[in-house]
Amino acid sequence: MRNLVRYAAAAIALSLLAAGAQGQTKYPTKPIRLLTPFAAGGGSDILARLIAPHMHEALGQPIVVDNRPGGGGTLGAGIAARADPDGYTLILVSGSFGANAALHDLPYDSVTGITPIILIGTTPLVLTVHPSVPVKSVREIIEYARANPRKLNIASAGIGGLDHLAGELFKLQTGATYTTVPYKGSGPAMTALLSGEVSGSMTTLVTSIPHVKAGRLRAVGVTTAKRSRALPDVPAIGETVPGYEVVHWYGMWGPKGLPRDIVTRWNREVAKVLHTSATQKWLMDQGLEPAGGPPEEFLNRLRIDVDKWKKVVKEAGITLSR
């Protein structure tokens with residue numbers, strides 16, 4: 001009888017352990033919110049909507065893309081940073097996330113206050129102008145901006161974002177002057193540029209390429225050290241302004257304390273999406289070099305950017321009041 005009791009107790013304990021293990025690994029059990037910190041139509045929004053259906057299929061739950069624009073991306077990032085670390089609120093950000101820490105007084109630490117998941121890809125920004133602006137090269141836009149400082153208005157996706165600071169670095173290294181006009185994301189900024197409301201923008205290839213190829217915009221230069229394979233005829237700004245370089249990127253993270261198994265699963269599944277031939281072709285057509293490495297790769301990229309832009313903001317004397 002004692003042996004039977006022991007066996008029964010052991011069986012119950014094993015069943016409880018198994019149930020507990022199932023409970024721990026049974027993720028997800030409800031829809032997942034994937035935040036993007038800019039308005040619809042921008043690069044992060046486009047990528048989120050590209051990845052969401054694949055993740056729905058892989059995880060068996062709807063992935064709801066939630067646009068939360070404002071503050072150059074800081075509003076949406078703040079929502080993600082404050083969310084419960086349970087895997088049901090994640091965010092897809094652009095390089096502006098690394099730039100924001102240089103200028104904004106944030107309620108979270110951009111490096112230590114998050115859980116990195118995956119670096120999706122890297123790309124240049126592209127300096128484009130409306131066809132009505134009489135410039136066709138980086139040299140010409142520098143000369144035009146110097147001669148007409150009040151005439152040139154360049155759109156940005158928000159104060160303190162990557163495109164804003166990339167423009168400030170351009171001013172710092174060239175002596176060109178122009179007015180920065182902030183919008184709530186690269187989508188609204190692009191709409192303003194296409195309508196002629198502003199003269200130009202320094203925005204993502206994902207957003208710009210369709211309009212450049214259609215002749216609605218004129219591409220003047222890309223911000224990476226080398227030319228983009230997506231726009232091989234457009235020179236790097238560094239060809240005219242030695243040392244100028246800005247790398248744009250996209251990545252995913254979750255709140256601080258996100259369980260490692262959830263991070264590993266999202267990293268693995270998103271990497272699978274990035275490594276499909278169809279997705280790689282789409283990314284390359286948009287000027288994005290696919291990444292898809294471990295979370296540490298994303299964290300290293302983020303650290304580099306935060307340090308770089310803090311130095312630029314300090315050297316240029318940039319403040320939010322400018």
# chains A, B, ... in the order shown; residues from 1 in each chain; ligands from 1

$ select_by_dssp --residues "stretch 184-285 of chain A" --states "strand (DSSP E or B)" --output "VMD selection string"
chain A and resid 200 to 204 218 to 222 236 248 to 255

$ residues_around --residues "stretch 45-60 of chain A" --least-positions-apart "2" --cutoff "10 Å" --atoms "only C-alpha atoms" --output "tab-separated table (two decimals) with all heavy atoms, in the first residue's frame"
chain	number	residue	atom	x	y	z
A	27	TYR	N	3.26	29.73	-25.35
A	27	TYR	CA	3.27	31.13	-25.79
A	27	TYR	C	3.28	31.12	-27.31
A	27	TYR	O	4.02	30.35	-27.92
A	27	TYR	CB	4.50	31.85	-25.27
A	27	TYR	CG	4.75	33.19	-25.96
A	27	TYR	CD1	4.17	34.36	-25.49
A	27	TYR	CD2	5.56	33.28	-27.10
A	27	TYR	CE1	4.37	35.57	-26.13
A	27	TYR	CE2	5.76	34.49	-27.74
A	27	TYR	CZ	5.18	35.63	-27.26
A	27	TYR	OH	5.37	36.83	-27.90
A	28	PRO	N	2.46	31.95	-27.89
A	28	PRO	CA	1.50	32.89	-27.30
A	28	PRO	C	0.10	32.29	-27.20
A	28	PRO	O	-0.23	31.35	-27.93
A	28	PRO	CB	1.52	34.05	-28.30
A	28	PRO	CG	1.76	33.36	-29.63
A	28	PRO	CD	2.66	32.19	-29.34
A	29	THR	N	-0.70	32.85	-26.32
A	29	THR	CA	-2.09	32.39	-26.17
A	29	THR	C	-3.10	33.47	-26.55
A	29	THR	O	-4.29	33.27	-26.40
A	29	THR	CB	-2.34	31.98	-24.71
A	29	THR	OG1	-2.09	33.10	-23.85
A	29	THR	CG2	-1.43	30.83	-24.31
A	30	LYS	N	-2.60	34.61	-27.02
A	30	LYS	CA	-3.49	35.71	-27.41
A	30	LYS	C	-2.76	36.58	-28.44
A	30	LYS	O	-1.55	36.41	-28.65
A	30	LYS	CB	-3.88	36.54	-26.19
A	30	LYS	CG	-2.71	37.19	-25.47
A	30	LYS	CD	-3.17	37.96	-24.24
A	30	LYS	CE	-1.98	38.62	-23.52
A	30	LYS	NZ	-2.42	39.38	-22.32
A	31	PRO	N	-3.47	37.51	-29.09
A	31	PRO	CA	-2.82	38.37	-30.09
A	31	PRO	C	-1.64	39.15	-29.52
A	31	PRO	O	-1.61	39.49	-28.33
A	31	PRO	CB	-3.95	39.31	-30.52
A	31	PRO	CG	-5.20	38.54	-30.27
A	31	PRO	CD	-4.92	37.74	-29.02
A	32	ILE	N	-0.66	39.41	-30.36
A	32	ILE	CA	0.56	40.13	-29.98
A	32	ILE	C	0.54	41.50	-30.66
A	32	ILE	O	0.24	41.61	-31.85
A	32	ILE	CB	1.81	39.35	-30.41
A	32	ILE	CG1	1.83	38.00	-29.69
A	32	ILE	CG2	3.09	40.16	-30.13
A	32	ILE	CD1	2.79	37.01	-30.29
A	33	ARG	N	0.86	42.54	-29.89
A	33	ARG	CA	0.91	43.89	-30.44
A	33	ARG	C	2.35	44.21	-30.87
A	33	ARG	O	3.27	44.14	-30.08
A	33	ARG	CB	0.43	44.90	-29.40
A	33	ARG	CG	0.48	46.35	-29.89
A	33	ARG	CD	-0.27	47.29	-28.97
A	33	ARG	NE	0.30	47.37	-27.65
A	33	ARG	CZ	0.15	48.43	-26.83
A	33	ARG	NH1	-0.59	49.47	-27.21
A	33	ARG	NH2	0.68	48.43	-25.65
A	34	LEU	N	2.49	44.56	-32.14
A	34	LEU	CA	3.79	44.97	-32.67
A	34	LEU	C	3.72	46.47	-32.96
A	34	LEU	O	3.12	46.91	-33.93
A	34	LEU	CB	4.13	44.18	-33.94
A	34	LEU	CG	5.47	44.53	-34.61
A	34	LEU	CD1	6.63	44.34	-33.64
A	34	LEU	CD2	5.68	43.68	-35.86
A	35	LEU	N	4.32	47.24	-32.07
A	35	LEU	CA	4.29	48.69	-32.20
A	35	LEU	C	5.26	49.17	-33.28
A	35	LEU	O	6.31	48.56	-33.52
A	35	LEU	CB	4.70	49.35	-30.88
A	35	LEU	CG	3.74	49.20	-29.70
A	35	LEU	CD1	4.46	49.51	-28.40
A	35	LEU	CD2	2.54	50.12	-29.87
A	36	THR	N	4.89	50.25	-33.96
A	36	THR	CA	5.83	51.01	-34.78
A	36	THR	C	5.69	52.46	-34.33
A	36	THR	O	4.57	52.96	-34.21
A	36	THR	CB	5.55	50.88	-36.28
A	36	THR	OG1	4.30	51.49	-36.60
A	36	THR	CG2	5.50	49.42	-36.71
A	37	PRO	N	6.82	53.15	-34.07
A	37	PRO	CA	6.73	54.48	-33.46
A	37	PRO	C	6.56	55.62	-34.44
A	37	PRO	O	6.83	56.77	-34.10
A	37	PRO	CB	8.06	54.58	-32.70
A	37	PRO	CG	9.00	53.79	-33.53
A	37	PRO	CD	8.20	52.67	-34.13
A	38	PHE	N	6.13	55.31	-35.66
A	38	PHE	CA	5.89	56.34	-36.66
A	38	PHE	C	4.56	56.08	-37.36
A	38	PHE	O	3.96	55.01	-37.21
A	38	PHE	CB	7.02	56.37	-37.69
A	38	PHE	CG	8.34	56.81	-37.12
A	38	PHE	CD1	9.36	55.91	-36.93
A	38	PHE	CD2	8.54	58.14	-36.76
A	38	PHE	CE1	10.57	56.30	-36.38
A	38	PHE	CE2	9.75	58.55	-36.21
A	38	PHE	CZ	10.76	57.63	-36.03
A	39	ALA	N	4.11	57.05	-38.14
A	39	ALA	CA	2.83	56.93	-38.83
A	39	ALA	C	2.90	55.89	-39.94
A	39	ALA	O	3.98	55.49	-40.38
A	39	ALA	CB	2.43	58.30	-39.40
A	40	ALA	N	1.74	55.49	-40.42
A	40	ALA	CA	1.66	54.52	-41.52
A	40	ALA	C	2.35	55.07	-42.76
A	40	ALA	O	2.32	56.27	-43.02
A	40	ALA	CB	0.20	54.20	-41.82
A	41	GLY	N	2.97	54.15	-43.51
A	41	GLY	CA	3.61	54.55	-44.76
A	41	GLY	C	5.11	54.71	-44.67
A	41	GLY	O	5.79	54.81	-45.70
A	42	GLY	N	5.66	54.75	-43.46
A	42	GLY	CA	7.10	54.87	-43.29
A	42	GLY	C	7.78	53.51	-43.34
A	42	GLY	O	7.13	52.46	-43.43
A	43	GLY	N	9.11	53.51	-43.28
A	43	GLY	CA	9.87	52.28	-43.41
A	43	GLY	C	9.57	51.25	-42.34
A	43	GLY	O	9.40	50.07	-42.63
A	62	PRO	N	-2.68	36.25	-34.04
A	62	PRO	CA	-2.61	37.48	-34.83
A	62	PRO	C	-1.51	38.41	-34.32
A	62	PRO	O	-1.29	38.53	-33.11
A	62	PRO	CB	-3.99	38.12	-34.64
A	62	PRO	CG	-4.87	37.01	-34.21
A	62	PRO	CD	-4.00	36.07	-33.42
A	63	ILE	N	-0.80	39.06	-35.25
A	63	ILE	CA	0.18	40.09	-34.91
A	63	ILE	C	-0.43	41.42	-35.33
A	63	ILE	O	-0.61	41.69	-36.52
A	63	ILE	CB	1.52	39.86	-35.65
A	63	ILE	CG1	1.98	38.40	-35.49
A	63	ILE	CG2	2.57	40.85	-35.14
A	63	ILE	CD1	2.25	37.96	-34.07
A	64	VAL	N	-0.78	42.24	-34.36
A	64	VAL	CA	-1.48	43.49	-34.62
A	64	VAL	C	-0.46	44.63	-34.70
A	64	VAL	O	0.18	44.97	-33.70
A	64	VAL	CB	-2.51	43.79	-33.51
A	64	VAL	CG1	-3.26	45.09	-33.82
A	64	VAL	CG2	-3.49	42.62	-33.37
A	65	VAL	N	-0.30	45.21	-35.89
A	65	VAL	CA	0.62	46.34	-36.05
A	65	VAL	C	-0.07	47.60	-35.54
A	65	VAL	O	-1.16	47.95	-35.99
A	65	VAL	CB	1.03	46.50	-37.53
A	65	VAL	CG1	1.95	47.72	-37.69
A	65	VAL	CG2	1.74	45.25	-38.02
A	66	ASP	N	0.57	48.26	-34.58
A	66	ASP	CA	-0.02	49.41	-33.90
A	66	ASP	C	0.90	50.63	-34.08
A	66	ASP	O	1.97	50.70	-33.49
A	66	ASP	CB	-0.17	49.07	-32.41
A	66	ASP	CG	-0.89	50.17	-31.62
A	66	ASP	OD1	-1.30	51.18	-32.23
A	66	ASP	OD2	-1.03	50.01	-30.38
A	67	ASN	N	0.47	51.57	-34.92
A	67	ASN	CA	1.26	52.79	-35.16
A	67	ASN	C	1.05	53.79	-34.03
A	67	ASN	O	-0.08	54.18	-33.76
A	67	ASN	CB	0.85	53.43	-36.49
A	67	ASN	CG	1.09	52.53	-37.67
A	67	ASN	OD1	0.24	51.74	-38.05
A	67	ASN	ND2	2.27	52.64	-38.26
A	91	ILE	N	8.22	45.94	-30.31
A	91	ILE	CA	8.28	47.12	-31.16
A	91	ILE	C	9.33	46.94	-32.26
A	91	ILE	O	10.37	46.32	-32.03
A	91	ILE	CB	8.59	48.39	-30.33
A	91	ILE	CG1	8.45	49.66	-31.17
A	91	ILE	CG2	9.96	48.30	-29.67
A	91	ILE	CD1	8.42	50.95	-30.35
A	92	LEU	N	9.00	47.45	-33.43
A	92	LEU	CA	9.94	47.48	-34.54
A	92	LEU	C	10.36	48.93	-34.74
A	92	LEU	O	9.52	49.78	-35.01
A	92	LEU	CB	9.30	46.91	-35.81
A	92	LEU	CG	10.25	46.57	-36.97
A	92	LEU	CD1	9.64	45.50	-37.87
A	92	LEU	CD2	10.61	47.79	-37.81
A	93	VAL	N	11.65	49.20	-34.56
A	93	VAL	CA	12.15	50.57	-34.59
A	93	VAL	C	13.15	50.75	-35.73
A	93	VAL	O	13.65	49.78	-36.30
A	93	VAL	CB	12.83	50.97	-33.26
A	93	VAL	CG1	11.84	50.93	-32.11
A	93	VAL	CG2	14.03	50.08	-32.96
A	94	SER	N	13.42	52.01	-36.02
A	94	SER	CA	14.43	52.36	-37.01
A	94	SER	C	15.64	52.97	-36.31
A	94	SER	O	15.67	53.08	-35.08
A	94	SER	CB	13.85	53.36	-38.01
A	94	SER	OG	13.60	54.60	-37.37
A	120	ILE	N	17.20	43.73	-38.11
A	120	ILE	CA	16.54	43.27	-39.34
A	120	ILE	C	17.38	43.58	-40.57
A	120	ILE	O	17.54	42.74	-41.46
A	120	ILE	CB	15.14	43.90	-39.45
A	120	ILE	CG1	14.24	43.35	-38.33
A	120	ILE	CG2	14.52	43.64	-40.82
A	120	ILE	CD1	12.92	44.07	-38.20
A	185	GLY	N	6.75	61.15	-38.63
A	185	GLY	CA	7.14	59.95	-39.34
A	185	GLY	C	7.54	60.23	-40.78
A	185	GLY	O	7.24	61.29	-41.33
A	186	SER	N	8.22	59.26	-41.39
A	186	SER	CA	8.69	59.45	-42.77
A	186	SER	C	7.55	59.40	-43.77
A	186	SER	O	7.67	59.98	-44.86
A	186	SER	CB	9.75	58.40	-43.12
A	186	SER	OG	9.26	57.09	-42.92
A	187	GLY	N	6.44	58.75	-43.43
A	187	GLY	CA	5.28	58.73	-44.32
A	187	GLY	C	4.72	60.13	-44.54
A	187	GLY	O	4.62	60.60	-45.69
A	206	VAL	N	13.50	52.72	-48.34
A	206	VAL	CA	12.23	51.99	-48.41
A	206	VAL	C	11.09	52.93	-48.79
A	206	VAL	O	10.23	52.61	-49.60
A	206	VAL	CB	11.93	51.30	-47.05
A	206	VAL	CG1	10.55	50.64	-47.09
A	206	VAL	CG2	13.00	50.26	-46.74
A	207	THR	N	11.10	54.13	-48.20
A	207	THR	CA	10.06	55.12	-48.47
A	207	THR	C	10.28	55.84	-49.79
A	207	THR	O	9.33	56.16	-50.50
A	207	THR	CB	10.02	56.16	-47.33
A	207	THR	OG1	9.93	55.48	-46.07
A	207	THR	CG2	8.83	57.08	-47.47
A	250	TYR	N	16.97	48.88	-39.12
A	250	TYR	CA	15.70	48.50	-38.51
A	250	TYR	C	15.95	47.32	-37.57
A	250	TYR	O	16.75	46.42	-37.88
A	250	TYR	CB	14.67	48.09	-39.57
A	250	TYR	CG	14.27	49.22	-40.47
A	250	TYR	CD1	14.90	49.40	-41.71
A	250	TYR	CD2	13.27	50.12	-40.11
A	250	TYR	CE1	14.54	50.45	-42.54
A	250	TYR	CE2	12.92	51.17	-40.93
A	250	TYR	CZ	13.55	51.32	-42.15
A	250	TYR	OH	13.20	52.37	-42.98
A	251	GLY	N	15.26	47.33	-36.43
A	251	GLY	CA	15.43	46.25	-35.47
A	251	GLY	C	14.20	46.10	-34.60
A	251	GLY	O	13.32	46.96	-34.58
A	252	MET	N	14.16	45.00	-33.85
A	252	MET	CA	13.04	44.73	-32.95
A	252	MET	C	13.56	44.55	-31.54
A	252	MET	O	14.62	43.99	-31.31
A	252	MET	CB	12.29	43.46	-33.37
A	252	MET	CG	11.46	43.61	-34.63
A	252	MET	SD	10.57	42.07	-35.00
A	252	MET	CE	9.54	41.94	-33.53
A	265	ARG	N	12.81	32.69	-29.57
A	265	ARG	CA	11.80	32.26	-30.55
A	265	ARG	C	11.54	33.33	-31.59
A	265	ARG	O	11.49	33.05	-32.79
A	265	ARG	CB	10.50	31.88	-29.82
A	265	ARG	CG	9.50	31.20	-30.75
A	265	ARG	CD	8.35	30.63	-29.97
A	265	ARG	NE	7.40	29.96	-30.85
A	265	ARG	CZ	6.22	29.51	-30.45
A	265	ARG	NH1	5.86	29.63	-29.17
A	265	ARG	NH2	5.40	28.93	-31.30
A	266	TRP	N	11.39	34.60	-31.16
A	266	TRP	CA	11.17	35.69	-32.11
A	266	TRP	C	12.39	35.89	-33.00
A	266	TRP	O	12.25	36.11	-34.20
A	266	TRP	CB	10.82	36.98	-31.35
A	266	TRP	CG	9.35	37.14	-31.15
A	266	TRP	CD1	8.59	36.64	-30.14
A	266	TRP	CD2	8.45	37.82	-32.03
A	266	TRP	NE1	7.27	36.97	-30.31
A	266	TRP	CE2	7.16	37.70	-31.46
A	266	TRP	CE3	8.59	38.52	-33.22
A	266	TRP	CZ2	6.02	38.25	-32.06
A	266	TRP	CZ3	7.47	39.08	-33.82
A	266	TRP	CH2	6.21	38.94	-33.25
A	269	GLU	N	12.39	33.02	-35.60
A	269	GLU	CA	11.32	33.07	-36.60
A	269	GLU	C	11.45	34.27	-37.54
A	269	GLU	O	11.20	34.17	-38.73
A	269	GLU	CB	9.95	33.09	-35.90
A	269	GLU	CG	9.63	31.83	-35.11
A	269	GLU	CD	9.57	30.57	-35.96
A	269	GLU	OE1	9.42	30.67	-37.19
A	269	GLU	OE2	9.69	29.46	-35.38
A	270	VAL	N	11.86	35.44	-36.99
A	270	VAL	CA	12.06	36.60	-37.86
A	270	VAL	C	13.24	36.36	-38.79
A	270	VAL	O	13.20	36.72	-39.97
A	270	VAL	CB	12.27	37.88	-37.03
A	270	VAL	CG1	12.65	39.06	-37.94
A	270	VAL	CG2	11.01	38.23	-36.24
A	272	LYS	N	14.13	33.55	-40.01
A	272	LYS	CA	13.62	32.67	-41.08
A	272	LYS	C	12.94	33.49	-42.18
A	272	LYS	O	13.12	33.23	-43.37
A	272	LYS	CB	12.63	31.65	-40.50
A	272	LYS	CG	13.25	30.51	-39.73
A	272	LYS	CD	12.16	29.56	-39.24
A	272	LYS	CE	12.71	28.46	-38.37
A	272	LYS	NZ	11.62	27.58	-37.84
A	273	VAL	N	12.14	34.48	-41.75
A	273	VAL	CA	11.46	35.35	-42.71
A	273	VAL	C	12.49	36.11	-43.55
A	273	VAL	O	12.38	36.18	-44.78
A	273	VAL	CB	10.53	36.35	-42.00
A	273	VAL	CG1	9.90	37.30	-43.01
A	273	VAL	CG2	9.45	35.63	-41.20
A	274	LEU	N	13.51	36.64	-42.90
A	274	LEU	CA	14.52	37.44	-43.59
A	274	LEU	C	15.35	36.60	-44.57
A	274	LEU	O	15.87	37.13	-45.55
A	274	LEU	CB	15.45	38.10	-42.58
A	274	LEU	CG	14.82	39.10	-41.61
A	274	LEU	CD1	15.86	39.62	-40.63
A	274	LEU	CD2	14.17	40.26	-42.36
A	279	THR	N	11.74	37.36	-49.53
A	279	THR	CA	11.97	38.51	-48.65
A	279	THR	C	13.31	39.16	-48.94
A	279	THR	O	13.42	40.39	-48.98
A	279	THR	CB	11.92	38.08	-47.17
A	279	THR	OG1	10.64	37.49	-46.90
A	279	THR	CG2	12.11	39.28	-46.25
A	282	TRP	N	13.01	41.30	-51.97
A	282	TRP	CA	12.27	42.54	-51.67
A	282	TRP	C	13.15	43.52	-50.91
A	282	TRP	O	13.20	44.70	-51.23
A	282	TRP	CB	11.02	42.21	-50.85
A	282	TRP	CG	10.14	43.41	-50.62
A	282	TRP	CD1	9.14	43.86	-51.43
A	282	TRP	CD2	10.22	44.34	-49.52
A	282	TRP	NE1	8.58	45.01	-50.89
A	282	TRP	CE2	9.22	45.32	-49.74
A	282	TRP	CE3	11.03	44.43	-48.39
A	282	TRP	CZ2	9.02	46.38	-48.84
A	282	TRP	CZ3	10.83	45.48	-47.50
A	282	TRP	CH2	9.84	46.44	-47.73
A	283	LEU	N	13.87	43.02	-49.90
A	283	LEU	CA	14.73	43.89	-49.11
A	283	LEU	C	15.82	44.52	-49.97
A	283	LEU	O	16.09	45.72	-49.86
A	283	LEU	CB	15.36	43.10	-47.96
A	283	LEU	CG	14.42	42.61	-46.85
A	283	LEU	CD1	15.16	41.70	-45.89
A	283	LEU	CD2	13.81	43.78	-46.09

$ select_by_dssp --residues "stretch 66-145 of chain A" --states "alpha helix (DSSP H)" --output "list of chain:residue names"
A:Thr74, A:Leu75, A:Gly76, A:Ala77, A:Gly78, A:Ile79, A:Ala80, A:Ala81, A:Arg82, A:Ser96, A:Phe97, A:Gly98, A:Ala99, A:Asn100, A:Ala101, A:Ala102, A:Leu103, A:Val138, A:Arg139, A:Glu140, A:Ile141, A:Ile142, A:Glu143, A:Tyr144, A:Ala145

$ residues_around --residues "A:Phe298" --least-positions-apart "5" --cutoff "7 Å" --atoms "only C-alpha atoms" --output "list in words"
Pro116, Ile118, Leu119 and Gly251 of chain A

$ closest_residue --among "A:Leu90, A:Val138, A:Ile159, A:Ala214" --to "A:Glu239" --atoms "only C-alpha atoms"
A:Val138

$ residues_around --residues "A:Pro134" --least-positions-apart "4" --cutoff "12 Å" --atoms "only C-alpha atoms" --output "PyMOL selection string"
chain A and resi 129-130+138+140-145+148+151-152+199-200+218+220

$ residues_around --residues "A:Ala166" --least-positions-apart "3" --cutoff "8 Å" --atoms "only C-alpha atoms" --output "list of chain:residue names"
A:Leu162, A:Asp163, A:Leu169, A:Phe170, A:Met202, A:Val246

$ write_last_selection --atoms "N, CA and C atoms" --output "PDB file, in the first residue's frame"
ATOM      1  N   LEU A 162      16.788  60.082 -36.538  1.00  0.00           N
ATOM      2  CA  LEU A 162      18.019  59.869 -37.283  1.00  0.00           C
ATOM      3  C   LEU A 162      18.150  60.812 -38.463  1.00  0.00           C
ATOM      4  N   ASP A 163      17.066  60.996 -39.222  1.00  0.00           N
ATOM      5  CA  ASP A 163      17.173  61.864 -40.398  1.00  0.00           C
ATOM      6  C   ASP A 163      17.440  63.315 -39.995  1.00  0.00           C
ATOM      7  N   LEU A 169      24.330  66.796 -39.053  1.00  0.00           N
ATOM      8  CA  LEU A 169      25.713  66.417 -39.334  1.00  0.00           C
ATOM      9  C   LEU A 169      26.138  66.945 -40.702  1.00  0.00           C
ATOM     10  N   PHE A 170      25.216  66.893 -41.660  1.00  0.00           N
ATOM     11  CA  PHE A 170      25.479  67.425 -43.001  1.00  0.00           C
ATOM     12  C   PHE A 170      25.759  68.929 -42.926  1.00  0.00           C
ATOM     13  N   MET A 202      15.706  63.801 -46.091  1.00  0.00           N
ATOM     14  CA  MET A 202      16.766  62.812 -45.946  1.00  0.00           C
ATOM     15  C   MET A 202      16.116  61.643 -45.242  1.00  0.00           C
ATOM     16  N   VAL A 246      26.260  57.971 -42.499  1.00  0.00           N
ATOM     17  CA  VAL A 246      25.157  57.653 -41.585  1.00  0.00           C
ATOM     18  C   VAL A 246      24.555  56.328 -42.040  1.00  0.00           C
TER      19      VAL A 246
END

$ closest_residue --among "A:Val181, A:Val247, A:Leu288, A:Leu172" --to "A:Asp305" --atoms "only C-alpha atoms"
A:Val247

$ atom_distance --atom1 "atom CA of A:Tyr244" --atom2 "atom CA of A:Tyr183"
24.4 Å

$ closest_residue --among "A:Ala81, A:Asn267, A:Ser228, A:Met284" --to "A:Glu297" --atoms "only C-alpha atoms"
A:Asn267

$ closest_residue --among "A:Asp86, A:Thr128, A:Pro242, A:Ser96" --to "A:Gln173" --atoms "only C-alpha atoms"
A:Pro242

$ atom_distance --atom1 "atom CA of A:Phe97" --atom2 "atom CA of A:Gly73"
6.8 Å

$ closest_residue --among "A:Glu315, A:Asp233, A:Glu289, A:Asp261" --to "A:His248" --atoms "only C-alpha atoms"
A:Glu289

$ closest_residue --among "A:Thr240, A:Thr264, A:Ser195, A:Thr224" --to "A:Glu296" --atoms "only C-alpha atoms"
A:Thr264

$ atom_distance --atom1 "atom CA of A:Thr89" --atom2 "atom CA of A:Gly254"
6.9 Å
